[in-house]
Amino acid sequence: MNLTDLKPNEGSTHRRKRLGRGPGSGHGKTSGGGHKGDKARGNTKPGFEGGQTPTHRRLPHRRGFTALFKKEFAIVNLSALERFDNGVTVTPELLLETRVINDVKDGVKILGNGELTKKLTVQAHHFSKSAQDKIASLGGSTETI
């Protein structure tokens with residue numbers, strides 16, 4: 001066996017289609033491109049959908065601005081803290097255990113919506129001013145983590 005004996009397997013190679021070589025070849029004149037139009041000339045615009053309104057024109061504009069690094073907080077209202085006993089230290093872990101929140105996300109923020117009647121020590125990442133005032137007025141304390 002020599003290098004000169006090597007050849008591709010039967011049926012694995014195909015002859016090149018020679019276009020534009022006269023009427024006898026079967027691929028003369030229009031060279032397989034059909035008659036006229038952008039497709040025959042080989043220059044359809046990118047995104048052209050045959051006259052149908054293209055996707056980029058059918059979809060609505062996306063307006064406004066989205067901050068890439070915006071922090072999303074788990075929001076807890078004061079009314080949700082009413083379930084805890086007097087003197088308890090409320091932490092994000094305790095809020096997760098009691099299913100007040102499902103996920104800590106980028107931190108827990110306590111808002112002043114609702115009423116609170118118990119003295120609690122609340123640990124969270126952020127507090128609204130009204131929440132701090134209401135907790136402090138009952139003798140409780142707020143700790144920013």
# chains A, B, ... in the order shown; residues from 1 in each chain; ligands from 1
call {"tool": "residues_around", "arguments": {"residues": "range 84-100 of chain A", "least_positions_apart": "2", "cutoff": "9 Å", "atoms": "only C-alpha atoms", "output": "ChimeraX atom specification"}}
result
/A:76,80-82,102-104,107-108,117-125,140
call {"tool": "select_by_dssp", "arguments": {"residues": "chain A", "states": "strand (DSSP E or B)", "output": "ChimeraX atom specification"}}
result
/A:73-77,89-90,105,108-111,121-124,126-127,141-144
call {"tool": "closest_residue", "arguments": {"among": "A:Gln132, A:Gly24, A:Leu68, A:Gly50", "to": "Gly37 in chain A", "atoms": "only C-alpha atoms"}}
result
A:Gly50
call {"tool": "select_by_dssp", "arguments": {"residues": "range 108-137 of chain A", "states": "helix (DSSP H, G or I)", "output": "JSON, numbers by chain"}}
result
{"A": [129, 130, 131, 132, 133, 134, 135, 136, 137]}
call {"tool": "residues_around", "arguments": {"residues": "Gly20 in chain A", "least_positions_apart": "6", "cutoff": "10 Å", "atoms": "only C-alpha atoms", "output": "tab-separated table (two decimals) with N, CA, C and O atoms, in the first residue's frame"}}
result
chain	number	residue	atom	x	y	z
A	26	GLY	N	-26.84	22.58	-18.35
A	26	GLY	CA	-28.03	22.54	-17.49
A	26	GLY	C	-27.99	23.60	-16.40
A	26	GLY	O	-28.94	23.78	-15.66
A	27	HIS	N	-26.85	24.29	-16.32
A	27	HIS	CA	-26.73	25.35	-15.31
A	27	HIS	C	-26.21	26.63	-15.96
A	27	HIS	O	-25.40	27.36	-15.38
A	28	GLY	N	-26.67	26.91	-17.17
A	28	GLY	CA	-26.23	28.11	-17.87
A	28	GLY	C	-27.18	29.26	-17.61
A	28	GLY	O	-28.03	29.21	-16.73
A	29	LYS	N	-27.06	30.30	-18.39
A	29	LYS	CA	-27.90	31.50	-18.36
A	29	LYS	C	-28.10	32.06	-16.96
A	29	LYS	O	-27.28	32.82	-16.48
A	30	THR	N	-29.16	31.67	-16.25
A	30	THR	CA	-29.41	32.26	-14.93
A	30	THR	C	-28.62	31.56	-13.82
A	30	THR	O	-28.66	31.97	-12.67
A	31	SER	N	-27.88	30.52	-14.17
A	31	SER	CA	-26.95	29.84	-13.24
A	31	SER	C	-27.60	29.39	-11.94
A	31	SER	O	-27.03	29.55	-10.86
A	32	GLY	N	-28.83	28.89	-12.02
A	32	GLY	CA	-29.50	28.36	-10.83
A	32	GLY	C	-30.12	29.43	-9.96
A	32	GLY	O	-30.66	29.14	-8.89
